[in-house]
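Next comes start_20.txt, a file with compact mmCIF, C-alpha atoms.
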# COMPACT_ATOMS: atom_id res chain seq x y z
CA MET A 1 -67.09 -8.80 219.39
CA ARG A 2 -69.91 -6.35 220.19
CA VAL A 3 -70.97 -3.67 217.71
CA LEU A 4 -73.46 -0.93 218.46
CA VAL A 5 -75.16 0.28 215.30
CA ILE A 6 -76.09 3.93 215.78
CA ILE A 7 -79.04 5.04 213.66
CA PRO A 8 -79.79 8.76 213.99
CA ALA A 9 -83.38 9.30 212.90
CA TYR A 10 -85.68 12.27 212.55
CA ASN A 11 -89.19 11.42 211.32
CA GLU A 12 -88.07 8.15 209.74
CA GLU A 13 -90.99 5.90 210.72
CA HIS A 14 -91.39 4.70 207.12
CA ALA A 15 -87.74 3.88 206.44
CA LEU A 16 -86.87 2.24 209.77
CA PRO A 17 -88.77 -1.10 209.56
CA ALA A 18 -86.91 -2.22 206.43
CA LEU A 19 -83.56 -1.00 207.77
CA LEU A 20 -83.96 -2.74 211.14
CA GLY A 21 -85.20 -5.87 209.37
CA GLU A 22 -82.02 -5.91 207.26
CA LEU A 23 -79.89 -5.45 210.36
CA ARG A 24 -81.56 -8.40 212.09
CA ALA A 25 -80.98 -10.59 209.06
CA LEU A 26 -77.32 -9.67 208.59
CA PRO A 27 -75.42 -12.67 207.25
CA ASN A 28 -71.72 -13.42 207.67
CA LEU A 29 -71.02 -10.79 210.30
CA ASP A 30 -68.82 -12.21 213.00
CA ALA A 31 -70.14 -9.90 215.70
CA GLN A 32 -73.00 -9.33 218.09
CA VAL A 33 -74.89 -6.41 216.52
CA THR A 34 -77.09 -4.17 218.68
CA PRO A 35 -79.04 -1.47 216.86
CA VAL A 36 -79.84 1.75 218.70
CA VAL A 37 -82.13 4.33 217.10
CA ILE A 38 -81.53 7.90 218.20
CA ASP A 39 -84.94 9.53 217.91
CA ASP A 40 -83.88 13.13 217.46
CA GLY A 41 -87.09 14.80 218.60
CA SER A 42 -89.25 13.26 215.86
CA THR A 43 -92.86 14.33 215.57
CA ASP A 44 -93.96 11.02 214.08
CA ALA A 45 -93.88 7.48 215.51
CA THR A 46 -90.14 6.90 214.90
CA ALA A 47 -89.42 5.76 218.48
CA LYS A 48 -92.44 3.45 218.65
CA VAL A 49 -91.66 1.86 215.28
CA ALA A 50 -88.02 1.35 216.29
CA GLU A 51 -89.01 -0.33 219.57
CA GLU A 52 -91.53 -2.56 217.81
CA HIS A 53 -88.75 -3.73 215.52
CA GLY A 54 -86.46 -4.68 218.36
CA ALA A 55 -84.07 -1.71 218.49
CA ARG A 56 -82.91 0.11 221.56
CA VAL A 57 -84.16 3.69 221.46
CA LEU A 58 -82.68 6.89 222.82
CA ARG A 59 -85.36 9.59 222.82
CA MET A 60 -84.07 13.13 222.64
CA CYS A 61 -86.51 15.53 224.29
CA LYS A 62 -85.52 18.16 221.72
CA ASN A 63 -83.95 18.10 218.28
CA LEU A 64 -80.15 18.16 218.67
CA GLY A 65 -79.18 17.81 215.03
CA ILE A 66 -77.09 15.01 213.56
CA GLY A 67 -73.96 15.70 215.64
CA GLY A 68 -75.70 15.61 219.00
CA ALA A 69 -77.67 12.53 217.99
CA VAL A 70 -74.63 10.58 216.84
CA GLN A 71 -72.63 11.56 219.92
CA SER A 72 -75.42 10.15 222.13
CA GLY A 73 -74.92 6.78 220.47
CA ILE A 74 -71.14 7.07 220.76
CA ARG A 75 -71.49 7.87 224.48
CA LEU A 76 -73.71 4.82 224.95
CA ALA A 77 -71.23 2.59 223.08
CA PHE A 78 -68.26 3.91 225.06
CA ARG A 79 -69.93 3.56 228.46
CA GLU A 80 -71.25 0.08 227.80
CA GLY A 81 -67.89 -1.14 226.54
CA PHE A 82 -68.81 -1.94 222.94
CA ASP A 83 -65.82 -2.86 220.77
CA PHE A 84 -67.06 -0.86 217.80
CA ALA A 85 -69.86 1.50 216.90
CA ALA A 86 -71.17 1.83 213.38
CA GLN A 87 -73.09 4.86 212.18
CA ILE A 88 -75.85 4.29 209.65
CA ASP A 89 -78.32 6.88 208.34
CA GLY A 90 -81.92 6.32 209.37
CA ASP A 91 -83.19 7.09 205.87
CA GLY A 92 -81.98 3.76 204.50
CA GLN A 93 -79.17 5.13 202.28
CA HIS A 94 -76.60 2.87 203.89
CA PRO A 95 -77.25 -0.84 203.33
CA PRO A 96 -76.47 -2.75 206.55
CA GLY A 97 -75.02 -5.52 204.37
CA GLU A 98 -72.07 -3.18 203.66
CA LEU A 99 -71.12 -3.13 207.36
CA ALA A 100 -68.94 -6.16 206.77
CA LYS A 101 -66.80 -4.09 204.38
CA LEU A 102 -66.32 -1.39 207.02
CA MET A 103 -65.35 -3.97 209.61
CA GLY A 104 -63.05 -5.67 207.15
CA ALA A 105 -61.27 -2.33 206.57
CA ALA A 106 -60.95 -1.63 210.29
CA GLY A 107 -57.60 -3.44 210.68
CA ASP A 108 -55.50 -1.06 212.74
CA ALA A 109 -57.66 1.96 211.82
CA ASP A 110 -59.60 3.82 214.50
CA LEU A 111 -62.15 5.31 212.14
CA VAL A 112 -63.39 3.85 208.87
CA VAL A 113 -65.41 5.90 206.39
CA GLY A 114 -67.53 4.25 203.72
CA TYR A 115 -67.62 6.14 200.44
CA ARG A 116 -69.64 5.59 197.30
CA ASP A 117 -68.11 5.18 193.85
CA LYS A 118 -70.72 7.43 192.27
CA GLY A 119 -70.27 10.92 193.70
CA PRO A 120 -72.96 13.44 194.62
CA THR A 121 -75.75 13.82 192.09
CA THR A 122 -76.07 17.57 191.54
CA LEU A 123 -73.38 19.91 190.21
CA LEU A 124 -73.52 22.10 193.31
CA ARG A 125 -72.99 19.08 195.53
CA ARG A 126 -70.13 17.82 193.37
CA ILE A 127 -68.38 21.18 193.66
CA GLY A 128 -69.03 21.28 197.40
CA SER A 129 -67.71 17.76 197.90
CA TRP A 130 -64.58 18.51 195.84
CA TRP A 131 -63.92 21.68 197.84
CA LEU A 132 -64.29 19.89 201.18
CA ARG A 133 -61.87 17.20 200.01
CA VAL A 134 -59.34 19.91 199.14
CA VAL A 135 -59.87 21.73 202.48
CA LEU A 136 -59.40 18.54 204.47
CA ARG A 137 -56.33 17.57 202.47
CA VAL A 138 -54.69 20.99 202.82
CA THR A 139 -55.52 21.68 206.47
CA THR A 140 -55.28 18.22 207.98
CA GLY A 141 -53.58 16.00 205.42
CA VAL A 142 -56.54 13.60 205.41
CA LYS A 143 -57.17 11.99 202.04
CA CYS A 144 -60.85 11.17 201.92
CA ASN A 145 -63.05 10.51 198.89
CA ASP A 146 -66.26 11.49 200.64
CA PRO A 147 -65.72 13.52 203.82
CA THR A 148 -69.47 14.07 204.22
CA SER A 149 -70.30 10.36 204.31
CA GLY A 150 -72.16 9.35 207.45
CA PHE A 151 -71.50 5.64 206.94
CA ARG A 152 -68.75 5.10 209.50
CA LEU A 153 -67.21 2.64 211.91
CA TYR A 154 -65.67 3.85 215.15
CA GLY A 155 -63.04 1.80 216.96
CA PRO A 156 -62.27 1.99 220.70
CA ARG A 157 -59.92 5.00 220.40
CA ALA A 158 -62.43 6.91 218.29
CA LEU A 159 -65.20 6.10 220.77
CA ALA A 160 -63.08 7.40 223.65
CA LEU A 161 -62.25 10.60 221.75
CA PHE A 162 -65.71 11.38 220.42
CA ASP A 163 -67.34 10.58 223.77
CA SER A 164 -65.87 13.81 225.05
CA GLU A 165 -65.41 15.84 221.88
CA TYR A 166 -67.71 15.70 218.89
CA PRO A 167 -68.89 18.50 216.60
CA TYR A 168 -72.62 19.25 216.61
CA ASP A 169 -73.75 21.03 213.47
CA TYR A 170 -72.35 19.34 210.34
CA PRO A 171 -70.09 16.87 212.06
CA GLU A 172 -68.68 14.48 209.48
CA PRO A 173 -65.83 16.53 207.94
CA GLU A 174 -65.06 18.18 211.29
CA ALA A 175 -64.89 14.81 213.02
CA LEU A 176 -62.28 13.72 210.48
CA ALA A 177 -60.20 16.82 211.22
CA ILE A 178 -60.42 16.20 214.98
CA ALA A 179 -59.55 12.53 214.56
CA ARG A 180 -56.51 13.40 212.48
CA ALA A 181 -55.36 16.13 214.86
CA ARG A 182 -55.59 13.73 217.81
CA GLY A 183 -53.52 11.10 216.06
CA LEU A 184 -56.26 8.63 215.12
CA ARG A 185 -55.80 6.44 212.09
CA VAL A 186 -58.46 6.99 209.43
CA ASN A 187 -59.24 4.51 206.70
CA GLU A 188 -61.87 4.47 203.98
CA VAL A 189 -63.55 1.76 201.98
CA LEU A 190 -65.70 1.71 198.87
CA VAL A 191 -69.30 0.77 199.63
CA THR A 192 -72.58 0.64 197.78
CA MET A 193 -75.14 3.21 198.82
CA ARG A 194 -78.81 3.52 197.93
CA GLU A 195 -81.19 6.39 197.34
CA ARG A 196 -82.81 7.53 200.57
CA GLN A 197 -85.86 5.42 201.45
CA GLY A 198 -87.70 8.23 203.22
CA GLY A 199 -87.30 11.67 204.82
CA GLN A 200 -85.66 14.73 203.27
CA SER A 201 -82.08 15.95 203.08
CA SER A 202 -81.38 18.85 205.40
CA ILE A 203 -78.77 20.22 202.98
CA ALA A 204 -80.34 21.48 199.78
CA GLY A 205 -80.26 24.62 197.61
CA PHE A 206 -78.64 27.61 199.26
CA ALA A 207 -78.18 25.60 202.45
CA ALA A 208 -75.56 23.58 200.55
CA ALA A 209 -73.49 26.71 199.83
CA TYR A 210 -73.79 27.80 203.47
CA TYR A 211 -72.83 24.28 204.53
CA VAL A 212 -69.62 24.35 202.48
CA PHE A 213 -68.70 27.82 203.75
CA LYS A 214 -69.34 26.91 207.37
CA VAL A 215 -67.63 23.53 207.21
CA THR A 216 -64.54 25.10 205.62
CA ILE A 217 -64.13 27.35 208.66
CA ALA A 218 -65.18 24.61 211.09
CA VAL A 219 -62.66 22.07 209.74
CA ALA A 220 -59.73 24.48 210.06
CA LEU A 221 -60.86 25.56 213.54
CA ALA A 222 -61.46 22.00 214.73
CA TYR A 223 -58.04 20.88 213.53
CA VAL A 224 -56.16 23.77 215.16
CA ARG A 225 -58.19 23.50 218.39
CA ALA A 226 -57.63 19.75 218.64
CA ARG A 227 -53.90 20.18 217.94
CA LEU A 228 -53.55 22.78 220.68
CA LYS A 229 -55.56 20.81 223.23
CA PRO A 230 -53.35 18.80 225.60
CA ARG A 231 -53.68 15.06 225.11
CA ASP A 232 -54.88 12.87 227.99
CA MET B 1 -57.92 74.89 220.34
CA GLN B 2 -60.41 75.51 223.09
CA GLN B 3 -63.27 73.06 223.32
CA VAL B 4 -66.77 73.92 224.46
CA VAL B 5 -67.97 71.61 227.22
CA GLU B 6 -71.33 70.24 226.12
CA ASN B 7 -74.03 68.84 228.32
CA TYR B 8 -74.93 65.21 227.92
CA TRP B 9 -77.88 65.02 230.28
CA MET B 10 -79.97 63.28 227.58
CA PHE B 11 -77.37 60.52 227.30
CA GLY B 12 -77.38 60.21 231.11
CA ALA B 13 -81.18 60.08 231.13
CA VAL B 14 -81.16 57.24 228.58
CA CYS B 15 -78.66 55.34 230.76
CA LEU B 16 -80.92 55.92 233.76
CA VAL B 17 -84.02 54.69 231.94
CA ILE B 18 -82.22 51.53 230.78
CA ALA B 19 -80.94 50.97 234.32
CA LEU B 20 -84.50 51.30 235.66
CA VAL B 21 -85.79 48.81 233.08
CA LEU B 22 -82.97 46.46 234.09
CA LEU B 23 -83.87 46.83 237.79
CA ARG B 24 -87.53 46.15 236.99
CA LEU B 25 -86.54 42.96 235.19
CA LEU B 26 -84.44 42.01 238.22
CA PHE B 27 -87.33 42.59 240.63
CA ARG B 28 -89.59 40.47 238.45
CA GLU B 29 -86.93 37.74 238.38
CA ARG B 30 -86.84 37.73 234.58
CA ILE B 31 -83.05 38.06 234.69
CA THR B 32 -80.48 37.13 237.33
CA LEU B 33 -78.38 39.62 239.28
CA GLN B 34 -75.19 37.80 238.38
CA GLY B 35 -75.95 38.00 234.67
CA SER B 36 -76.89 41.66 234.74
CA MET B 37 -74.10 43.03 236.94
CA SER B 38 -71.81 43.85 234.02
CA TYR B 39 -74.70 45.62 232.27
CA LEU B 40 -75.42 47.70 235.39
CA ALA B 41 -71.72 48.50 235.80
CA PHE B 42 -71.48 49.76 232.22
CA LEU B 43 -74.64 51.87 232.63
CA VAL B 44 -73.30 53.45 235.82
CA PHE B 45 -69.99 54.15 234.08
CA LEU B 46 -71.64 55.73 231.02
CA GLY B 47 -74.08 57.63 233.25
CA LEU B 48 -71.19 59.09 235.25
CA MET B 49 -69.50 60.13 232.01
CA ALA B 50 -72.63 62.06 231.08
CA ALA B 51 -73.05 63.54 234.58
CA PHE B 52 -69.48 64.90 234.72
CA PRO B 53 -68.71 66.24 231.23
CA ASN B 54 -65.64 68.23 232.35
CA VAL B 55 -63.81 65.12 233.48
CA THR B 56 -65.03 63.19 230.46
CA GLN B 57 -63.76 65.89 228.13
CA LYS B 58 -60.29 65.77 229.67
CA ILE B 59 -60.18 62.03 229.22
CA SER B 60 -61.49 62.19 225.66
CA MET B 61 -58.90 64.82 224.69
CA LYS B 62 -56.11 62.73 226.18
CA LEU B 63 -57.34 59.80 224.13
CA GLY B 64 -57.20 61.92 220.97
CA PHE B 65 -60.89 62.63 220.38
CA THR B 66 -61.50 66.14 218.99
CA LEU B 67 -65.23 65.89 219.61
CA MET B 68 -66.48 64.62 222.95
CA SER B 69 -69.62 63.21 221.33
CA ASN B 70 -67.39 60.84 219.32
CA PHE B 71 -65.88 59.64 222.57
CA PHE B 72 -69.39 58.96 223.90
CA PHE B 73 -70.32 57.01 220.79
CA CYS B 74 -67.08 55.07 220.90
CA ALA B 75 -67.45 54.21 224.60
CA ALA B 76 -71.08 53.16 224.16
CA ILE B 77 -70.32 50.99 221.11
CA ALA B 78 -67.36 49.35 222.87
CA ALA B 79 -69.50 48.70 225.97
CA LEU B 80 -72.30 47.17 223.90
CA ALA B 81 -69.83 45.02 221.95
CA VAL B 82 -68.31 43.68 225.19
CA LEU B 83 -71.77 43.00 226.64
CA HIS B 84 -72.86 41.25 223.45
CA LEU B 85 -69.75 39.07 223.36
CA ARG B 86 -70.28 38.12 227.00
CA ALA B 87 -73.88 37.20 226.21
CA LEU B 88 -72.69 35.14 223.22
CA VAL B 89 -70.24 33.21 225.41
CA THR B 90 -72.96 32.53 227.99
CA LEU B 91 -75.42 31.49 225.30
CA SER B 92 -72.92 29.11 223.69
CA LYS B 93 -72.15 27.51 227.07
CA VAL B 94 -75.86 27.09 227.82
CA HIS B 95 -76.44 25.60 224.36
CA THR B 96 -73.63 23.06 224.78
CA ARG B 97 -74.79 22.16 228.28
CA SER B 98 -78.36 21.70 227.10
CA ILE B 99 -77.16 19.26 224.41
CA VAL B 100 -75.13 17.27 226.96
CA LEU B 101 -78.06 17.22 229.40
CA THR B 102 -80.46 16.07 226.66
CA GLN B 103 -78.05 13.25 225.76
CA GLU B 104 -77.60 12.19 229.40
CA LEU B 105 -81.35 12.29 229.98
CA ALA B 106 -82.01 10.09 226.95
CA ILE B 107 -79.33 7.56 227.97
CA LEU B 108 -80.59 7.38 231.57
CA GLN B 109 -84.22 7.14 230.45
CA GLU B 110 -83.40 4.21 228.18
CA LYS B 111 -81.46 2.50 230.95
CA LEU B 112 -84.33 2.99 233.41
CA GLU B 113 -86.91 1.63 230.98
CA ARG B 114 -84.76 -1.45 230.31
CA LEU B 115 -84.35 -2.08 234.05
CA GLU B 116 -88.09 -1.69 234.58
CA ARG B 117 -88.77 -4.17 231.79
CA GLN B 118 -86.24 -6.61 233.27
CA GLN B 119 -87.87 -6.32 236.69
CA ALA B 120 -91.36 -6.71 235.26
CA GLN B 121 -90.52 -9.94 233.41
CA PRO B 122 -90.04 -12.20 236.50
CA LEU B 123 -93.09 -10.58 238.10
CA ARG B 124 -95.23 -11.37 235.07
CA ALA B 125 -93.83 -14.91 234.99
CA ALA B 126 -94.66 -15.37 238.70
CA GLN B 127 -98.18 -14.03 238.18
CA GLY B 128 -98.59 -16.40 235.23
CA ASN B 129 -97.67 -19.37 237.47
Would you mind writing the structure in this file as structure tokens?
Amino acid sequence: MRVLVIIPAYNEEHALPALLGELRALPNLDAQVTPVVIDDGSTDATAKVAEEHGARVLRMCKNLGIGGAVQSGIRLAFREGFDFAAQIDGDGQHPPGELAKLMGAAGDADLVVGYRDKGPTTLLRRIGSWWLRVVLRVTTGVKCNDPTSGFRLYGPRALALFDSEYPYDYPEPEALAIARARGLRVNEVLVTMRERQGGQSSIAGFAAAYYVFKVTIAVALAYVRARLKPRD
Amino acid sequence: MQQVVENYWMFGAVCLVIALVLLRLLFRERITLQGSMSYLAFLVFLGLMAAFPNVTQKISMKLGFTLMSNFFFCAAIAALAVLHLRALVTLSKVHTRSIVLTQELAILQEKLERLERQQAQPLRAAQGN
């Protein structure tokens, strides 16, 4: 079984060596793991560091944002016939050792989301996360403990779908809505997550409130659009 | 109620100036003809409205406007809204295409670099022997 591990990274030269080292030393994973770092227009030595540590590197000539970066990896996985693609944050929040749990939960699911037992840290984030859970539940029927989690495993059907259709701005909750609308099976599994090892969150302060507002509209739109779109 | 036909030569002059600016941009190849055709069409339409106020007044009265100036404002705002929406659609398409092109470029570049490395390996081995 071949798994492409997609690591979107923007200025993550400090966090990548440890993350790629952990991926190389993964024990008990019955799969051939290939890491690919998506250098999303970094201004530091992210691409060079990733190459030096044995990862494949896709260099974006401009910053696409998380959605565009992840979709690049999904496109690569789909075209090269990988069985699965895993998405791991480049800041080191997602321990590669937890990949086994995602793969164990794959079963007949097309998309597996890893969620943490301890929710978001700040009150604003907790409220935002709760609201997004409610929106997803009401509009799409998806029950998900952490719809914003970027620790995910994509099966063949999810790769085929997201190769052609993937949201760009704040993609995680929207991707769940699209997956549900197109009849994909979504599963989730409890995983351990760490504090970020480097870089900064792009969603902080007032941006968090804007994020929740925008994603609320985006989720409903994505679901309706995907439902109306004729299936291949 | 009898309406006084007002002159709207100033409005027509503004349309003409904007049309001239648009033509200048076209000559300098800052914008494309295809992209600016709708803009030119709207300017000609609004300019004609200003040039022939009698006809415009008849139309505005039939549409229920008591003041012709309100009809001018309404027509101009509607025209600008349509032009803006068209620009928004074009911009969104260009944005999406630029993302897809960036992704394709990155994938092809990586593939090319891997092939080059694969080709260089036997060469280096041969040179070593």
Practice prompt. Give the answer as one residue: which of A:Val215, A:Leu176, A:Val113, A:Leu23 has the shortest atom-to-atom distance to Glu188 of chain A, using all atoms listed in the file?
Written response: A:Val113
Near chain B, 8 Å: chain A residue rows, closest pairs, all atoms listed in the file, as CSV:
residue,atom,partner,partner_atom,distance
A:Arg56,CA,B:Glu110,CA,7.8
A:Val57,CA,B:Glu110,CA,6.8
A:Leu58,CA,B:Ala106,CA,5.3
A:Arg59,CA,B:Ala106,CA,5.3
A:Met60,CA,B:Ala106,CA,5.7
A:Cys61,CA,B:Thr102,CA,6.5
A:Lys62,CA,B:Thr102,CA,7.4
A:Leu64,CA,B:Ile99,CA,6.6
A:Gly68,CA,B:Ile99,CA,6.7
A:Ala69,CA,B:Gln103,CA,7.8
A:Ser72,CA,B:Gln103,CA,5.5
A:Leu76,CA,B:Ile107,CA,6.9
Item to complete: For atom CA of Leu184 of chain A and atom CA of Thr148 of chain A, quote the distance in Å rounded to one decimal.
Response: 18.0 Å
Worksheet item: Out of A:Val212, A:Ala181, A:Ala106, A:Ala31, which residue has the shortest atom-to-atom distance to Pro147 of chain A when counting all atoms listed in the file?
Response: A:Val212
Item to complete: Mind listing whatever residues come within 12 Å of the point (-70.2, 33.8, 232.5)? Use all atoms listed in the file, file coordinates, and give them as a list in words.
Response: Thr32, Gln34, Gly35, Ser36, Met37, Ser38, Leu83, Leu85, Arg86, Ala87, Leu88, Val89, Thr90, Leu91, Ser92, Lys93 and Val94 of chain B
Worksheet entry | Lys143 of chain A surroundings by all atoms listed in the file, 12 Å radius, close-in-sequence under 6 positions cut, as a PyMOL selection string | chain A and resi 113+130+132-137+173+176-177+180+185-188
Worksheet entry | Polymer residues at most 8 Å from Leu46 of chain B, all atoms listed in the file, same-chain spacing of 5 or more positions, as an MDAnalysis selection string | chainID B and resid 12 15 75:76
Discussion item. If we count only C-alpha atoms and set the cut-off at 7 Å, which residues sit around Ile74 of chain A, ignoring sequence neighbours fewer than 4 positions away in its own chain? Please answer as a ChimeraX atom specification.
Written reply: /A:70,78,85,159,162-163
Worksheet entry | Who sits within 9 Å of segment 11-19 of chain A, all atoms listed in the file, same chain under 5 positions skipped, as a PyMOL selection string | chain A and resi 24+37+39-50+52-53+90-92+94-96+196-199
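Note that atom CA of Phe65 of chain B and atom CA of Asn7 of chain B are 16.6 Å apart.
Of note, atom CA of Ala81 of chain B and atom CA of Ala19 of chain B are spaced 17.7 Å apart.
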Discussion item. Env of Ala13 of chain B: 12 Å cut, atoms = all atoms listed in the file, seq-sep filter 3 positions within chain, self excluded. Answer as a VMD selection string.
Written reply: chain B and resid 7 to 10 16 to 20 43 to 44 46 to 51
As a PDB file, in the coordinates of the input, please: segment 41-54 of chain B completed to N, CA and C atoms.
ATOM      1  N   ALA B  41     -73.013  47.816 235.628  1.00  0.00           N
ATOM      2  CA  ALA B  41     -71.720  48.500 235.800  1.00  0.00           C
ATOM      3  C   ALA B  41     -71.444  49.427 234.625  1.00  0.00           C
ATOM      4  N   PHE B  42     -71.704  48.927 233.397  1.00  0.00           N
ATOM      5  CA  PHE B  42     -71.480  49.760 232.220  1.00  0.00           C
ATOM      6  C   PHE B  42     -72.418  50.972 232.201  1.00  0.00           C
ATOM      7  N   LEU B  43     -73.679  50.756 232.615  1.00  0.00           N
ATOM      8  CA  LEU B  43     -74.640  51.870 232.630  1.00  0.00           C
ATOM      9  C   LEU B  43     -74.221  52.938 233.627  1.00  0.00           C
ATOM     10  N   VAL B  44     -73.761  52.494 234.800  1.00  0.00           N
ATOM     11  CA  VAL B  44     -73.300  53.450 235.820  1.00  0.00           C
ATOM     12  C   VAL B  44     -72.102  54.235 235.278  1.00  0.00           C
ATOM     13  N   PHE B  45     -71.184  53.516 234.635  1.00  0.00           N
ATOM     14  CA  PHE B  45     -69.990  54.150 234.080  1.00  0.00           C
ATOM     15  C   PHE B  45     -70.351  55.192 233.009  1.00  0.00           C
ATOM     16  N   LEU B  46     -71.230  54.798 232.081  1.00  0.00           N
ATOM     17  CA  LEU B  46     -71.640  55.730 231.020  1.00  0.00           C
ATOM     18  C   LEU B  46     -72.451  56.892 231.581  1.00  0.00           C
ATOM     19  N   GLY B  47     -73.284  56.583 232.599  1.00  0.00           N
ATOM     20  CA  GLY B  47     -74.080  57.630 233.250  1.00  0.00           C
ATOM     21  C   GLY B  47     -73.185  58.656 233.930  1.00  0.00           C
ATOM     22  N   LEU B  48     -72.130  58.177 234.588  1.00  0.00           N
ATOM     23  CA  LEU B  48     -71.190  59.090 235.250  1.00  0.00           C
ATOM     24  C   LEU B  48     -70.454  59.958 234.227  1.00  0.00           C
ATOM     25  N   MET B  49     -70.147  59.351 233.081  1.00  0.00           N
ATOM     26  CA  MET B  49     -69.500  60.130 232.010  1.00  0.00           C
ATOM     27  C   MET B  49     -70.392  61.293 231.592  1.00  0.00           C
ATOM     28  N   ALA B  50     -71.700  61.016 231.486  1.00  0.00           N
ATOM     29  CA  ALA B  50     -72.630  62.060 231.080  1.00  0.00           C
ATOM     30  C   ALA B  50     -72.842  63.096 232.195  1.00  0.00           C
ATOM     31  N   ALA B  51     -72.791  62.642 233.440  1.00  0.00           N
ATOM     32  CA  ALA B  51     -73.050  63.540 234.580  1.00  0.00           C
ATOM     33  C   ALA B  51     -71.870  64.493 234.823  1.00  0.00           C
ATOM     34  N   PHE B  52     -70.681  64.056 234.490  1.00  0.00           N
ATOM     35  CA  PHE B  52     -69.480  64.900 234.720  1.00  0.00           C
ATOM     36  C   PHE B  52     -68.742  65.131 233.400  1.00  0.00           C
ATOM     37  N   PRO B  53     -69.297  66.040 232.575  1.00  0.00           N
ATOM     38  CA  PRO B  53     -68.710  66.240 231.230  1.00  0.00           C
ATOM     39  C   PRO B  53     -67.312  66.839 231.255  1.00  0.00           C
ATOM     40  N   ASN B  54     -66.982  67.632 232.301  1.00  0.00           N
ATOM     41  CA  ASN B  54     -65.640  68.230 232.350  1.00  0.00           C
ATOM     42  C   ASN B  54     -64.553  67.154 232.432  1.00  0.00           C
TER      43      ASN B  54
END
